[in-house]
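Student: Structure incoming, see below.
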Amino acid sequence: MMKKMKIIGGSSLIFLAACTSNETANNDVDSLTDSSDLNRVEMTSNNYDGFQLMVSSCFSCHSPNPTIENPVAPTLAEMKMVYSDHYENQADFEQAIITFLENPTAENALISSAIEEFGLMPQMSMGQEKSAAIAKYLFQNGVETENWYPQQFQAEQRRVKLMTEDLSDIDRGFEYAMGTKSILGKNLKGKLKAEGPLGALSFCNLKAYHFTDSMSQVYDASIRRVSDQPRNQENTASAMELEIIQAFKKQLAEGEEIKPETREFLEGYVHGYYPIVTNEMCMKCHGDVNQMEEGVHAKILALYPEDKATGYAPNQLRGIWVVAMKKRDQE
Ligand code: HEC
Ligand code: HEC
């Protein structure tokens with residue numbers, strides 16, 4: 001039986017993620033530039049921990065606290081209840097979560113009222129393995145039960161805090177990029193609610209946006225977004241970054257899962273690269289200019305006279321995250 005859930009909360013016209021740029025963590029490694037003698041580092045495969053992934057990628061929007069005020073998305077508990085009401089067995093439950101994460105569209109959504117309420121979720125580009133780990137965690141743990149948040153949650157946080165120290169470079173970079181994306185997405189959502197899409201556009205332009213999350217200290221890294229078709233020319237991809245963009249585009253075009261990669265830079269540093277893929281909601285500001293809401297394109301051009309970031313369709317590579325980190329992996 002299909003159950004639709006009514007979620008209480010504010011509404012907004014559109015929702016967008018990660019709109020600001022050049023967030024730099026406390027440790028500035030931005031000065032690292034391309035070097036010709038790069039080594040490709042093999043991607044490692046892990047037994048991912050669903051809770052750990054949700055800390056960086058989901059909780060900023062899907063609050064683990066069921067009684068949070070002014071939610072920007074269904075709470076974790078609401079999500080779990082709807083899915084477990086709808087899917088009785090583990091395989092179906094997990095597959096439905098994975099399908100939505102891989103492709104967050106209205107067709108794949110169960111909670112139709114949440115899209116009206118909060119706008120469509122951004123494409124997270126997590127990859128199958130990580131999506132599966134989250135789905136499994138959600139099925140196996142009683143995140144919707146009364147005691148979970150007041151009791152279990154803290155214990156889980158302590159548990160994964162210890163684990164994070166052992167992450168491989170590529171997974172550490174992923175957590176950092178996703179953490180940034182989800183926090184920016186959440187903050188922007190508040191801005192949209194208050195000032196609408198035109199107001200949010202100026203917010204995207206705010207270079208002075210400070211990335212203050214504690215993750216920057218934990219990860220000791222800096223983060224950028226770059227593109228082959230940048231809106232802000234400061235986000236222009238370098239020759240080396242263009243190479244990665246081309247590789248990601250090819251994987252996307254061939255229907256493969258995009259494989260993040262790391263490359264070594266100066267002695268002791270490594271850069272991680274992760275895809276930024278469009279979905280429907282990005283079209284408001286990156287799609288066909290003739291379809292944009294009144295005034296939006298004019299304002300974009302006023303702010304970014306050299307804008308190249310329009311004409312996209314959903315499910316295209318908009319750019320990449322570039323995370324510069326101190327190397328930890330052993331050879
Ligand atoms: C930037 C905010 C944001 C982040 C980060 C985010 N979500 Fe969402 N998510 C939403 C919003 C808004 C909705 C409700 C609208 C919709 O269904 O698209 C949603 C809906 C969902 C749904 C329900 C879809 C349905 O069936 O109706 C699931 C499941 C979900 N998210 C899982 C996740 C997981 C797992 C993560 C972390 C990997 C995550 N989300 C990260 C904003 C976010
Ligand atoms: C409200 C309008 C708006 C929406 C919606 C929007 N963006 Fe943007 N985007 C911008 C603006 C403005 C910039 C320039 C920010 C800056 O000055 O760095 C930008 C920049 C970017 C950049 C950095 C590279 C560049 O071109 O400067 C990426 C990557 C990006 N957006 C991806 C996305 C994705 C993916 C979505 C959908 C999930 C999205 N954007 C939705 C307005 C928007």
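By order in the structure tokens, chains are A, B, ...; within a chain, residues start at 1; ligands start at 1, following the order shown.
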Check segment 42-126 of chain A with DSSP on the backbone and list each residue it calls helix (DSSP H, G or I), as a PyMOL selection string.
Tutor: chain A and resi 50-57+76-86+90-102+112-118
Student: Interatomic distance between atom CA of Ile276 of chain A and atom CA of Glu293 of chain A?
Tutor: 23.1 Å
Student: Can you pull out every residue with an atom within 7 Å of ligand 1? Use only C-alpha atoms and all ligand atoms and format it as number ranges by chain.
Tutor: A: 17, 53-54, 57-62, 72-74, 79, 97, 100-101, 104-106, 108-112, 114-115, 118-122, 124, 126, 131, 134, 181-183, 185-186
Student: Record the distance separating atom CA of Met292 of chain A and atom CA of Glu234 of chain A, expressed in Å with one decimal.
Tutor: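 Taking atom CA of Met292 of chain A as the start and atom CA of Glu234 of chain A as the end point, the length is 24.0 Å.
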Student: Mind listing the strand (DSSP E) residues of segment 52-272 of chain A, per DSSP on the backbone, as a list of chain:residue names?
Tutor: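 Assigned to strand (DSSP E), within segment 52-272 of chain A: A:Ala221, A:Ser222, A:Ile223, A:Arg224, A:Arg225, A:Val226, A:Glu261, A:Thr262, A:Arg263, A:Glu264, A:Tyr269, A:Val270, A:His271, A:Gly272.
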Student: What does the structure give for the distance between atom CA of Phe248 of chain A and atom CA of Ser56 of chain A, in Å to one decimal?
Tutor: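 So the two atoms, atom CA of Phe248 of chain A and atom CA of Ser56 of chain A, lie 22.8 Å apart.
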Student: Hey, which of A:Gly268, A:Pro275, A:Pro260, A:Pro230 ends up closest to ligand 2? Count only C-alpha atoms and all ligand atoms.
Tutor: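 Closest to ligand 2, using only C-alpha atoms and all ligand atoms: A:Pro230.
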Student: Excluding Asp228 of chain A and residues on its chain fewer than 2 positions from it, collect all residues at most 8 Å away from it, counting only C-alpha atoms, and give them as a PyMOL selection string.
Tutor: chain A and resi 226+230+236-237+242+245+319
Student: For C-alpha atoms, I'd like the residues from the last selection saved as a compact mmCIF listing (two decimals), in the first residue's frame.
Tutor:
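Output file out04.txt follows:
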# COMPACT_ATOMS: atom_id res chain seq x y z
CA VAL A 226 35.79 24.04 -10.94
CA PRO A 230 32.39 28.24 -15.47
CA THR A 236 37.86 27.76 -14.45
CA ALA A 237 39.33 24.26 -14.56
CA LEU A 242 39.93 19.42 -17.62
CA ILE A 245 36.34 16.43 -16.35
CA GLY A 319 31.94 20.48 -12.81
Student: Can you pull out the residues contacting Asn279 of chain A? Cut-off 7 Å, using only C-alpha atoms, and skip same-chain residues under 5 positions away; I want them as a list in words.
Tutor: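 Residues near the query, excluding close chain neighbours: Pro122, Gln123, Pro314 and Asn315 of chain A.
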Student: Write a file of the selected residues as a PDB file, in the first residue's frame, keeping C-alpha atoms.
Tutor:
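Saved to selection_23.pdb:
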ATOM      1  CA  PRO A 122      20.107  17.547  -5.145  1.00  0.00           C
ATOM      2  CA  GLN A 123      21.933  14.755  -6.931  1.00  0.00           C
ATOM      3  CA  PRO A 314      19.712  17.232 -16.184  1.00  0.00           C
ATOM      4  CA  ASN A 315      22.259  14.499 -15.525  1.00  0.00           C
TER       5      ASN A 315
END
